[in-house]
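Novice: Just so it is clear, I am handing over query-v7.tsv, which has TSV, C-alpha atoms.
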chain	number	residue	atom	x	y	z
A	1	MET	CA	-93.11	-39.00	-82.75
A	2	CYS	CA	-94.04	-42.50	-83.88
A	3	SER	CA	-97.01	-43.60	-85.96
A	4	GLY	CA	-97.42	-47.19	-84.75
A	5	ASN	CA	-96.16	-50.74	-85.23
A	6	GLY	CA	-95.16	-49.99	-88.81
A	7	ASP	CA	-92.25	-47.94	-87.47
A	8	VAL	CA	-90.59	-51.19	-86.36
A	9	VAL	CA	-90.27	-53.64	-89.25
A	10	GLY	CA	-87.52	-55.92	-90.53
A	11	SER	CA	-84.62	-57.89	-89.15
A	12	TYR	CA	-83.06	-56.81	-85.83
A	13	GLY	CA	-79.92	-58.01	-84.12
A	14	PHE	CA	-80.19	-58.17	-80.33
A	15	THR	CA	-77.83	-58.30	-77.40
A	16	GLY	CA	-79.11	-58.97	-73.90
A	17	SER	CA	-77.26	-59.13	-70.59
A	18	ARG	CA	-77.41	-58.79	-66.85
A	19	ALA	CA	-74.11	-58.09	-65.08
A	20	GLY	CA	-75.35	-59.02	-61.62
A	21	PHE	CA	-72.48	-57.55	-59.60
A	22	PHE	CA	-73.27	-54.64	-57.34
A	23	LEU	CA	-71.33	-52.59	-54.81
A	24	LEU	CA	-72.89	-53.01	-51.37
A	25	GLY	CA	-72.31	-50.02	-49.11
A	26	ALA	CA	-70.58	-47.97	-51.79
A	27	THR	CA	-70.28	-44.25	-51.09
A	28	PRO	CA	-72.81	-42.24	-53.14
A	29	PRO	CA	-71.51	-39.84	-55.80
A	30	GLY	CA	-70.86	-36.32	-54.56
A	31	SER	CA	-69.63	-37.32	-51.10
A	32	ASN	CA	-66.07	-37.28	-49.83
A	33	GLY	CA	-65.84	-40.95	-48.89
A	34	VAL	CA	-63.83	-43.65	-50.58
A	35	LEU	CA	-65.72	-44.72	-53.68
A	36	GLY	CA	-66.30	-48.40	-54.29
A	37	SER	CA	-65.23	-49.51	-50.81
A	38	GLY	CA	-68.10	-51.97	-50.38
A	39	PRO	CA	-67.92	-55.68	-51.23
A	40	LEU	CA	-69.25	-57.09	-54.48
A	41	VAL	CA	-72.46	-59.10	-54.19
A	42	PRO	CA	-73.13	-61.46	-57.10
A	43	VAL	CA	-76.33	-63.09	-58.26
A	44	ALA	CA	-76.23	-66.69	-59.48
A	45	VAL	CA	-73.97	-67.22	-62.48
A	46	THR	CA	-74.94	-69.69	-65.19
A	47	PRO	CA	-71.99	-70.47	-67.51
A	48	GLN	CA	-72.16	-69.53	-71.16
A	49	GLY	CA	-73.49	-72.25	-73.45
A	50	THR	CA	-76.12	-73.60	-71.05
A	51	SER	CA	-79.86	-73.21	-71.38
A	52	GLY	CA	-80.33	-71.58	-68.00
A	53	ALA	CA	-82.60	-74.40	-66.85
A	54	ALA	CA	-80.65	-74.71	-63.61
A	55	THR	CA	-82.29	-71.57	-62.24
A	56	THR	CA	-85.87	-72.00	-63.48
A	57	ALA	CA	-88.44	-74.77	-63.77
A	58	ALA	CA	-88.86	-74.50	-67.52
A	59	THR	CA	-86.60	-75.99	-70.18
A	60	PHE	CA	-85.49	-73.49	-72.76
A	61	SER	CA	-84.33	-74.02	-76.31
A	62	ASN	CA	-80.61	-74.04	-77.01
A	63	THR	CA	-80.91	-70.97	-79.24
A	64	PRO	CA	-80.04	-67.27	-78.86
A	65	LEU	CA	-83.74	-66.53	-78.29
A	66	GLY	CA	-83.94	-69.28	-75.67
A	67	SER	CA	-80.89	-67.82	-73.91
A	68	LEU	CA	-82.46	-64.35	-73.99
A	69	VAL	CA	-85.84	-65.45	-72.61
A	70	SER	CA	-84.32	-67.70	-69.94
A	71	GLY	CA	-81.87	-64.99	-68.89
A	72	VAL	CA	-84.46	-62.22	-68.68
A	73	SER	CA	-86.98	-64.43	-66.86
A	74	SER	CA	-84.62	-65.31	-64.01
A	75	ALA	CA	-82.36	-63.34	-61.68
A	76	ARG	CA	-79.15	-64.86	-62.99
A	77	VAL	CA	-76.20	-63.39	-64.83
A	78	PHE	CA	-76.38	-63.91	-68.59
A	79	SER	CA	-75.32	-62.48	-71.94
A	80	THR	CA	-76.49	-63.46	-75.41
A	81	ALA	CA	-76.68	-62.17	-78.98
A	82	GLY	CA	-79.00	-63.15	-81.84
A	83	ARG	CA	-81.60	-62.04	-84.39
A	84	ILE	CA	-85.38	-61.61	-84.57
A	85	PHE	CA	-87.82	-60.23	-87.13
A	86	PHE	CA	-90.61	-57.64	-86.65
A	87	ASP	CA	-93.39	-57.80	-89.28
A	88	GLY	CA	-94.65	-54.22	-88.96
A	89	VAL	CA	-98.10	-55.17	-87.65
A	90	GLY	CA	-97.26	-56.37	-84.13
A	91	HIS	CA	-95.81	-59.87	-84.53
A	92	ILE	CA	-92.26	-61.14	-83.89
A	93	TYR	CA	-90.61	-64.13	-85.57
A	94	ALA	CA	-87.35	-66.05	-85.11
A	95	SER	CA	-85.50	-69.07	-86.41
A	96	PRO	CA	-83.96	-71.96	-84.42
A	97	THR	CA	-80.90	-71.78	-86.70
A	98	SER	CA	-78.63	-69.04	-87.98
A	99	GLY	CA	-80.18	-69.19	-91.47
A	100	LEU	CA	-82.64	-66.84	-93.10
A	101	LEU	CA	-85.93	-68.60	-92.27
A	102	THR	CA	-87.78	-66.69	-89.54
A	103	ASN	CA	-91.22	-68.25	-89.78
A	104	THR	CA	-91.71	-69.26	-86.13
A	105	PRO	CA	-93.86	-66.78	-84.16
A	106	VAL	CA	-92.10	-65.92	-80.90
A	107	GLY	CA	-93.96	-62.88	-79.59
A	108	THR	CA	-95.80	-59.63	-80.08
A	109	TYR	CA	-95.06	-55.91	-79.79
A	110	ASN	CA	-96.82	-52.56	-79.67
A	111	VAL	CA	-95.44	-49.10	-80.51
A	112	THR	CA	-96.99	-46.03	-78.88
A	113	SER	CA	-97.25	-42.50	-80.27
A	114	ASP	CA	-94.42	-41.28	-78.02
A	115	CYS	CA	-92.07	-43.97	-79.45
A	116	GLY	CA	-92.38	-46.24	-76.46
A	117	ILE	CA	-92.57	-49.97	-77.15
A	118	THR	CA	-93.73	-53.05	-75.25
A	119	VAL	CA	-92.50	-56.49	-76.25
A	120	SER	CA	-93.62	-59.96	-75.21
A	121	LEU	CA	-91.18	-62.75	-76.12
A	122	ILE	CA	-91.92	-66.47	-75.95
A	123	ASP	CA	-89.36	-69.24	-76.38
A	124	ALA	CA	-91.31	-71.26	-78.95
A	125	LEU	CA	-88.20	-72.81	-80.51
A	126	ILE	CA	-88.09	-75.95	-78.36
A	127	THR	CA	-87.97	-79.05	-80.57
A	128	GLY	CA	-91.40	-80.64	-80.78
A	129	SER	CA	-93.29	-77.72	-79.24
A	130	ALA	CA	-96.62	-76.93	-80.87
A	131	GLY	CA	-97.62	-73.29	-81.16
A	132	LEU	CA	-96.74	-70.65	-78.60
A	133	VAL	CA	-95.78	-71.92	-75.17
A	134	THR	CA	-96.69	-70.00	-72.03
A	135	GLY	CA	-95.72	-69.86	-68.38
A	136	ASN	CA	-92.21	-68.88	-67.41
A	137	ARG	CA	-91.00	-69.22	-71.01
A	138	THR	CA	-92.64	-65.82	-71.61
A	139	VAL	CA	-91.03	-62.49	-70.72
A	140	GLY	CA	-92.17	-58.87	-70.97
A	141	LEU	CA	-89.91	-56.00	-72.02
A	142	GLU	CA	-90.57	-52.28	-72.20
A	143	GLY	CA	-88.45	-49.54	-73.71
A	144	GLU	CA	-87.93	-46.71	-76.14
A	145	ILE	CA	-87.22	-46.44	-79.85
A	146	VAL	CA	-84.25	-44.07	-79.79
A	147	ASP	CA	-83.66	-43.86	-83.54
A	148	THR	CA	-86.06	-44.31	-86.46
A	149	ALA	CA	-83.65	-43.90	-89.38
A	150	ASP	CA	-80.76	-46.25	-90.23
A	151	THR	CA	-80.44	-48.15	-86.95
A	152	SER	CA	-84.01	-48.08	-85.60
A	153	GLU	CA	-82.38	-48.82	-82.23
A	154	ILE	CA	-84.64	-50.08	-79.45
A	155	ASP	CA	-83.44	-50.07	-75.82
A	156	LEU	CA	-85.43	-52.30	-73.46
A	157	VAL	CA	-85.56	-53.47	-69.84
A	158	SER	CA	-87.38	-56.35	-68.20
A	159	THR	CA	-90.79	-55.54	-66.73
A	160	GLY	CA	-90.90	-58.66	-64.56
A	161	SER	CA	-90.94	-57.94	-60.83
A	162	THR	CA	-88.79	-60.99	-60.01
A	163	ALA	CA	-86.06	-60.49	-62.62
A	164	PRO	CA	-84.92	-56.85	-62.81
A	165	GLY	CA	-81.58	-55.66	-64.08
A	166	ALA	CA	-81.66	-57.11	-67.60
A	167	LEU	CA	-80.85	-54.79	-70.50
A	168	VAL	CA	-81.70	-55.64	-74.11
A	169	THR	CA	-80.65	-53.63	-77.17
A	170	MET	CA	-82.09	-54.30	-80.63
A	171	VAL	CA	-80.66	-52.68	-83.75
A	172	LYS	CA	-81.69	-53.17	-87.37
A	173	THR	CA	-79.54	-55.42	-89.56
A	174	ALA	CA	-79.10	-55.49	-93.32
A	175	GLU	CA	-82.51	-56.01	-94.90
A	176	PHE	CA	-83.41	-59.61	-95.76
A	177	GLY	CA	-80.42	-60.80	-93.73
A	178	SER	CA	-78.12	-60.60	-96.75
A	179	CYS	CA	-74.91	-60.92	-94.74
A	180	SER	CA	-71.64	-62.82	-95.31
A	181	ASN	CA	-68.01	-62.54	-94.27
A	182	ALA	CA	-67.71	-59.78	-96.86
A	183	SER	CA	-70.14	-57.69	-94.78
A	184	LEU	CA	-67.42	-57.27	-92.12
A	185	ASN	CA	-64.65	-55.40	-93.87
A	186	GLY	CA	-62.38	-52.53	-92.87
A	187	ASN	CA	-60.95	-50.90	-89.76
A	188	PHE	CA	-62.88	-51.12	-86.48
A	189	GLY	CA	-62.34	-49.72	-83.00
A	190	THR	CA	-63.76	-51.71	-80.09
A	191	VAL	CA	-64.36	-51.36	-76.36
A	192	GLY	CA	-65.77	-53.98	-74.00
A	193	GLN	CA	-65.82	-55.08	-70.39
A	194	GLY	CA	-66.47	-58.24	-68.44
A	195	MET	CA	-65.46	-60.65	-65.71
A	196	ILE	CA	-64.12	-64.18	-65.62
A	197	VAL	CA	-65.92	-65.92	-62.80
A	198	SER	CA	-63.96	-67.38	-59.90
A	199	GLY	CA	-63.14	-71.05	-60.45
A	200	THR	CA	-63.44	-70.90	-64.23
A	201	ASN	CA	-61.10	-73.32	-65.97
A	202	ILE	CA	-59.25	-70.91	-68.17
A	203	ALA	CA	-57.82	-73.84	-70.12
A	204	SER	CA	-61.05	-73.52	-72.09
A	205	ILE	CA	-60.03	-69.97	-72.95
A	206	GLY	CA	-56.25	-70.26	-73.15
A	207	THR	CA	-53.78	-67.95	-74.84
A	208	THR	CA	-52.86	-67.88	-78.48
A	209	THR	CA	-49.45	-67.25	-79.98
A	210	SER	CA	-48.74	-67.43	-83.72
A	211	GLY	CA	-52.04	-69.20	-84.34
A	212	THR	CA	-51.46	-71.96	-81.76
A	213	THR	CA	-53.76	-72.22	-78.76
A	214	THR	CA	-51.94	-72.90	-75.48
A	215	PRO	CA	-53.99	-74.13	-72.51
A	216	GLY	CA	-54.11	-72.02	-69.39
A	217	THR	CA	-54.68	-73.24	-65.85
A	218	THR	CA	-57.61	-73.40	-63.48
A	219	ALA	CA	-57.71	-70.05	-61.72
A	220	PRO	CA	-60.19	-67.29	-60.84
A	221	GLY	CA	-59.07	-64.81	-63.43
A	222	ILE	CA	-57.82	-64.10	-66.94
A	223	THR	CA	-54.61	-65.10	-68.64
A	224	SER	CA	-51.73	-62.69	-68.43
A	225	PRO	CA	-49.35	-62.31	-71.40
A	226	GLY	CA	-47.76	-65.58	-72.45
A	227	THR	CA	-48.91	-67.55	-69.38
A	228	GLY	CA	-51.91	-69.29	-67.89
A	229	ALA	CA	-51.59	-67.39	-64.63
A	230	THR	CA	-53.49	-64.47	-63.20
A	231	THR	CA	-51.60	-61.49	-61.90
A	232	GLY	CA	-54.00	-58.54	-61.83
A	233	GLY	CA	-53.13	-55.14	-63.17
A	234	SER	CA	-52.92	-54.07	-66.81
A	235	THR	CA	-51.48	-56.18	-69.60
A	236	SER	CA	-49.55	-54.80	-72.54
A	237	GLY	CA	-52.25	-55.69	-75.06
A	238	ALA	CA	-55.85	-54.80	-75.83
A	239	PHE	CA	-57.13	-56.85	-72.87
A	240	SER	CA	-56.39	-55.41	-69.42
A	241	SER	CA	-57.10	-57.35	-66.25
A	242	GLY	CA	-58.09	-55.92	-62.89
A	243	VAL	CA	-57.33	-57.25	-59.45
A	244	THR	CA	-58.50	-60.82	-58.86
A	245	GLY	CA	-61.01	-61.17	-56.01
A	246	THR	CA	-63.13	-63.93	-54.57
A	247	LEU	CA	-65.70	-63.50	-57.35
A	248	GLY	CA	-63.22	-63.55	-60.22
A	249	THR	CA	-61.20	-61.14	-62.32
A	250	PRO	CA	-62.67	-58.15	-64.14
A	251	PHE	CA	-61.21	-57.10	-67.46
A	252	THR	CA	-61.60	-54.41	-70.09
A	253	LEU	CA	-60.97	-54.44	-73.82
A	254	VAL	CA	-59.97	-51.46	-75.91
A	255	GLY	CA	-58.41	-52.02	-79.29
A	256	ARG	CA	-58.54	-51.95	-83.04
A	257	PHE	CA	-58.87	-54.66	-85.68
A	258	VAL	CA	-58.90	-54.92	-89.46
A	259	ALA	CA	-61.39	-57.35	-91.04
A	260	ASP	CA	-60.40	-58.54	-94.52
A	261	GLY	CA	-63.89	-59.50	-95.73
A	262	SER	CA	-62.90	-63.18	-95.91
A	263	GLY	CA	-63.08	-64.27	-92.27
A	264	ASN	CA	-59.72	-63.03	-91.00
A	265	LEU	CA	-58.74	-60.27	-88.60
A	266	ILE	CA	-55.41	-59.35	-90.12
A	267	THR	CA	-52.30	-57.60	-88.89
A	268	ASP	CA	-52.95	-53.91	-88.45
A	269	THR	CA	-49.91	-52.10	-89.82
A	270	ALA	CA	-50.99	-48.77	-88.34
A	271	ALA	CA	-51.33	-50.28	-84.87
A	272	ALA	CA	-48.04	-52.16	-85.18
A	273	SER	CA	-46.15	-48.87	-85.08
A	274	SER	CA	-48.26	-47.51	-82.20
A	275	SER	CA	-46.94	-47.48	-78.63
A	276	LEU	CA	-50.42	-48.43	-77.35
A	277	ARG	CA	-50.16	-52.05	-78.63
A	278	ARG	CA	-53.94	-52.35	-78.98
A	279	SER	CA	-54.06	-54.36	-82.21
A	280	LEU	CA	-56.33	-57.44	-82.39
A	281	THR	CA	-56.01	-60.33	-84.83
A	282	GLY	CA	-57.94	-63.59	-85.18
A	283	THR	CA	-60.81	-65.01	-87.21
A	284	TYR	CA	-64.55	-64.42	-87.67
A	285	GLN	CA	-67.61	-65.98	-89.26
A	286	VAL	CA	-70.69	-63.99	-90.35
A	287	ASN	CA	-73.89	-65.97	-90.88
A	288	ALA	CA	-76.48	-65.16	-93.54
A	289	ASP	CA	-78.80	-63.70	-90.88
A	290	CYS	CA	-76.11	-61.15	-89.81
A	291	THR	CA	-75.18	-62.94	-86.57
A	292	GLY	CA	-71.71	-64.36	-86.14
A	293	THR	CA	-68.75	-65.37	-84.01
A	294	ALA	CA	-65.18	-64.14	-83.73
A	295	HIS	CA	-61.94	-65.03	-81.97
A	296	PHE	CA	-59.93	-62.05	-80.70
A	297	ILE	CA	-56.18	-62.32	-79.98
A	298	ASP	CA	-54.27	-59.32	-78.67
A	299	SER	CA	-50.57	-58.52	-78.99
A	300	SER	CA	-49.81	-60.13	-75.61
A	301	GLY	CA	-51.43	-63.45	-76.59
A	302	ALA	CA	-54.61	-63.05	-74.51
A	303	ALA	CA	-57.64	-64.43	-76.37
A	304	ARG	CA	-61.43	-64.26	-76.09
A	305	ASN	CA	-64.35	-65.57	-78.15
A	306	ILE	CA	-67.41	-63.45	-78.90
A	307	SER	CA	-70.88	-63.86	-80.37
A	308	PHE	CA	-72.17	-60.83	-82.24
A	309	ALA	CA	-74.92	-59.24	-84.27
A	310	LEU	CA	-73.79	-57.19	-87.27
A	311	VAL	CA	-76.09	-54.17	-87.20
A	312	ASN	CA	-76.60	-50.88	-89.01
A	313	ALA	CA	-74.66	-47.86	-87.77
A	314	PRO	CA	-75.94	-44.27	-87.90
A	315	ARG	CA	-75.01	-42.28	-90.98
A	316	ILE	CA	-72.16	-39.88	-90.24
A	317	SER	CA	-73.04	-37.40	-93.00
A	318	ALA	CA	-75.95	-36.50	-95.26
A	319	VAL	CA	-73.96	-37.50	-98.36
A	320	GLN	CA	-73.13	-41.01	-97.13
A	321	THR	CA	-74.51	-43.46	-99.72
A	322	SER	CA	-74.23	-46.78	-97.86
A	323	VAL	CA	-75.03	-47.92	-94.33
A	324	ARG	CA	-71.98	-48.74	-92.23
A	325	GLN	CA	-71.93	-51.74	-89.92
A	326	ASP	CA	-71.35	-52.05	-86.17
A	327	LEU	CA	-70.73	-55.17	-84.09
A	328	ASN	CA	-72.76	-55.52	-80.90
A	329	TYR	CA	-71.25	-58.50	-79.08
A	330	VAL	CA	-71.09	-60.57	-75.91
A	331	PHE	CA	-68.18	-62.69	-74.69
A	332	SER	CA	-69.03	-66.36	-75.28
A	333	ASP	CA	-66.35	-68.36	-73.43
A	334	THR	CA	-67.67	-70.55	-70.62
A	335	GLY	CA	-67.52	-68.69	-67.32
A	336	VAL	CA	-66.97	-65.28	-68.95
A	337	ILE	CA	-69.59	-62.54	-68.74
A	338	GLY	CA	-69.57	-59.15	-70.41
A	339	SER	CA	-70.22	-57.31	-73.66
A	340	GLY	CA	-68.89	-54.69	-76.00
A	341	VAL	CA	-69.28	-52.85	-79.29
A	342	ALA	CA	-67.05	-52.40	-82.35
A	343	ARG	CA	-67.55	-49.46	-84.70
A	344	GLN	CA	-66.05	-48.81	-88.11
A	345	GLN	CA	-63.38	-46.15	-88.17
Once you've parsed the file, please lay out its structure as structure tokens.

Specialist:
Amino acid sequence: MCSGNGDVVGSYGFTGSRAGFFLLGATPPGSNGVLGSGPLVPVAVTPQGTSGAATTAATFSNTPLGSLVSGVSSARVFSTAGRIFFDGVGHIYASPTSGLLTNTPVGTYNVTSDCGITVSLIDALITGSAGLVTGNRTVGLEGEIVDTADTSEIDLVSTGSTAPGALVTMVKTAEFGSCSNASLNGNFGTVGQGMIVSGTNIASIGTTTSGTTTPGTTAPGITSPGTGATTGGSTSGAFSSGVTGTLGTPFTLVGRFVADGSGNLITDTAAASSSLRRSLTGTYQVNADCTGTAHFIDSSGAARNISFALVNAPRISAVQTSVRQDLNYVFSDTGVIGSGVARQQ
């Protein structure tokens, strides 16, 4: 049971997304038909890095909070990651930058005795705005506090009748936002999924070999090993592509990386001898507020960029003396949608 708003206090990393692709006419589970035989029906897709203003009347701030509020308030596909602060008495704050200052009020919340929570978020980070703005820059979320110890995880959905389907997860970060590249250190396993939208110029994603980025080509899919083309089927690295359709190319990620605490994802000697070839290398940057970015490169040369929140992981034993860190992330390349999680091994 929960005692009130004081159960939610401190800095939280959030990830929010709406996939927007549904199977029309798919055979229900438990029947003998062919599963997944219906066509995919997409909602509008707004590329990563935009404010989302193309789908709504309001102008949103070019911040993680602005991306979250604009995405939740519309019916479009989106994914974003960032950080907010709960004060323990019902108020929410955020910063327009990735620094530590979180003195701008951006919403309110209320915790019920059964550990339910309602959240109202307002994009008040627009340059020159005075006080809290209203209208369609305000969104309502409702969910459950599923852990009250190390992670204080909160799982939320949109309560707006015109914009269902959005999922938001908030997990506590290191207190006072005392994060740096040294906070990401050790061996991590990761899984993720997503889609590259049809028509995306994959030259903006490219492939990477020996630290050199090689442009791809314009195609509705992801890069296959060593080329800019799209072939469908599995690759030999951590990224595996599906069959390219009219909407784009789905992909999955399953792999392992080693963070050196200095901004590098280094060669994984254990994975190098494995037949699975799931090792990831690349670079990363952790901001002081425990958000960050990373560049993943798999053994086939396929590459993706992510935005993440570095959040607390549940303790795995009663004698554990320090809180381990997880990465909750979204893919951040233009035209790529999807998300994933990396957990310390």

Novice: As an exercise, work out the distance from CA of Ile337 in chain A to CA of Tyr93 in chain A in Å and give it to one decimal place.

Specialist: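 Interatomic distance, CA of Ile337 in chain A to CA of Tyr93 in chain A: 27.0 Å.
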
Novice: Tell me, as a PDB file with C-alpha atoms, keeping the file's coordinate frame, which residues lie within 9 Å of range 60-68 of chain A, counting all atoms listed in the file; anything in the same chain fewer than 3 positions away does not count.

Specialist:
ATOM      1  CA  THR A  15     -77.830 -58.300 -77.400  1.00  0.00           C
ATOM      2  CA  GLY A  16     -79.110 -58.970 -73.900  1.00  0.00           C
ATOM      3  CA  SER A  17     -77.260 -59.130 -70.590  1.00  0.00           C
ATOM      4  CA  GLY A  49     -73.490 -72.250 -73.450  1.00  0.00           C
ATOM      5  CA  THR A  50     -76.120 -73.600 -71.050  1.00  0.00           C
ATOM      6  CA  SER A  51     -79.860 -73.210 -71.380  1.00  0.00           C
ATOM      7  CA  GLY A  52     -80.330 -71.580 -68.000  1.00  0.00           C
ATOM      8  CA  ALA A  53     -82.600 -74.400 -66.850  1.00  0.00           C
ATOM      9  CA  GLY A  71     -81.870 -64.990 -68.890  1.00  0.00           C
ATOM     10  CA  VAL A  72     -84.460 -62.220 -68.680  1.00  0.00           C
ATOM     11  CA  SER A  73     -86.980 -64.430 -66.860  1.00  0.00           C
ATOM     12  CA  PHE A  78     -76.380 -63.910 -68.590  1.00  0.00           C
ATOM     13  CA  SER A  79     -75.320 -62.480 -71.940  1.00  0.00           C
ATOM     14  CA  THR A  80     -76.490 -63.460 -75.410  1.00  0.00           C
ATOM     15  CA  ALA A  81     -76.680 -62.170 -78.980  1.00  0.00           C
ATOM     16  CA  GLY A  82     -79.000 -63.150 -81.840  1.00  0.00           C
ATOM     17  CA  ARG A  83     -81.600 -62.040 -84.390  1.00  0.00           C
ATOM     18  CA  ILE A  84     -85.380 -61.610 -84.570  1.00  0.00           C
ATOM     19  CA  ALA A  94     -87.350 -66.050 -85.110  1.00  0.00           C
ATOM     20  CA  SER A  95     -85.500 -69.070 -86.410  1.00  0.00           C
ATOM     21  CA  PRO A  96     -83.960 -71.960 -84.420  1.00  0.00           C
ATOM     22  CA  THR A  97     -80.900 -71.780 -86.700  1.00  0.00           C
ATOM     23  CA  VAL A 106     -92.100 -65.920 -80.900  1.00  0.00           C
ATOM     24  CA  LEU A 121     -91.180 -62.750 -76.120  1.00  0.00           C
ATOM     25  CA  ILE A 122     -91.920 -66.470 -75.950  1.00  0.00           C
ATOM     26  CA  ASP A 123     -89.360 -69.240 -76.380  1.00  0.00           C
ATOM     27  CA  ALA A 124     -91.310 -71.260 -78.950  1.00  0.00           C
ATOM     28  CA  LEU A 125     -88.200 -72.810 -80.510  1.00  0.00           C
ATOM     29  CA  ILE A 126     -88.090 -75.950 -78.360  1.00  0.00           C
ATOM     30  CA  THR A 127     -87.970 -79.050 -80.570  1.00  0.00           C
ATOM     31  CA  ARG A 137     -91.000 -69.220 -71.010  1.00  0.00           C
ATOM     32  CA  VAL A 168     -81.700 -55.640 -74.110  1.00  0.00           C
TER      33      VAL A 168
END

Novice: What separation in Å, quoted to one decimal, exists between CA of Ser158 in chain A and CA of Thr249 in chain A?

Specialist: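 Going from CA of Ser158 in chain A over to CA of Thr249 in chain A, I get 27.3 Å.
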
Novice: Restricting the calculation to all atoms listed in the file, which member of A:Ala342, A:Met1, A:Val286, A:Val330 is positioned closest to Val258 in chain A?

Specialist: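 Among the listed residues, the smallest separation from Val258 in chain A belongs to A:Ala342.
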
Novice: Between CA of Gly338 in chain A and CA of Ser198 in chain A, what is the spacing in Å?

Specialist: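 Interatomic distance, CA of Ser198 in chain A to CA of Gly338 in chain A: 14.5 Å.
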
Novice: Could you tell me which of A:Thr108, A:Ser279, A:Thr138, A:Thr159 comes closest to Ile297 in chain A if we count all atoms listed in the file?

Specialist: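 Of A:Thr108, A:Ser279, A:Thr138, A:Thr159, the one nearest Ile297 in chain A, counting all atoms listed in the file, is A:Ser279.
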
Novice: Kindly indicate which residue among A:Ser161, A:Ser307, A:Ser332, A:Thr283 lies nearest to Leu265 in chain A, using all atoms listed in the file for the distances.

Specialist: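 Looking at the shortest contact to Leu265 in chain A, the residue is A:Thr283.
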
Novice: Between A:Gly90, A:Gly237, A:Val243, A:Ser300, which has the minimum distance to Arg277 in chain A (counting all atoms listed in the file)?

Specialist: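 Answer, going by the shortest atom-to-atom distance: A:Gly237.
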
Novice: Can you pull out every residue within 10 Å of Ser3 in chain A, counting only C-alpha atoms, but drop anything in the same chain fewer than 4 positions away, and send it as a list in words?

Specialist: Asp7, Val8, Val111, Thr112, Ser113, Asp114 and Cys115 of chain A

Novice: Restricted to C-alpha atoms, what would the selected residues look like written as a compact mmCIF listing (two decimals), keeping the file's coordinate frame?

Specialist:
# COMPACT_ATOMS: atom_id res chain seq x y z
CA ASP A 7 -92.25 -47.94 -87.47
CA VAL A 8 -90.59 -51.19 -86.36
CA VAL A 111 -95.44 -49.10 -80.51
CA THR A 112 -96.99 -46.03 -78.88
CA SER A 113 -97.25 -42.50 -80.27
CA ASP A 114 -94.42 -41.28 -78.02
CA CYS A 115 -92.07 -43.97 -79.45

Novice: Compare A:Thr252, A:Gln285, A:Thr169, A:Gln325 by their minimum atom-to-atom distance to Asn264 in chain A, counting all atoms listed in the file, and give me the closest one.

Specialist: A:Gln285

Novice: Name the closest residue to Thr291 in chain A among the candidates A:Tyr12, A:Ala303, A:Thr267, A:Arg76; distances are taken between atoms, counting only C-alpha atoms.

Specialist: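 Looking only at the distances to Thr291 in chain A, the closest residue turns out to be A:Tyr12.
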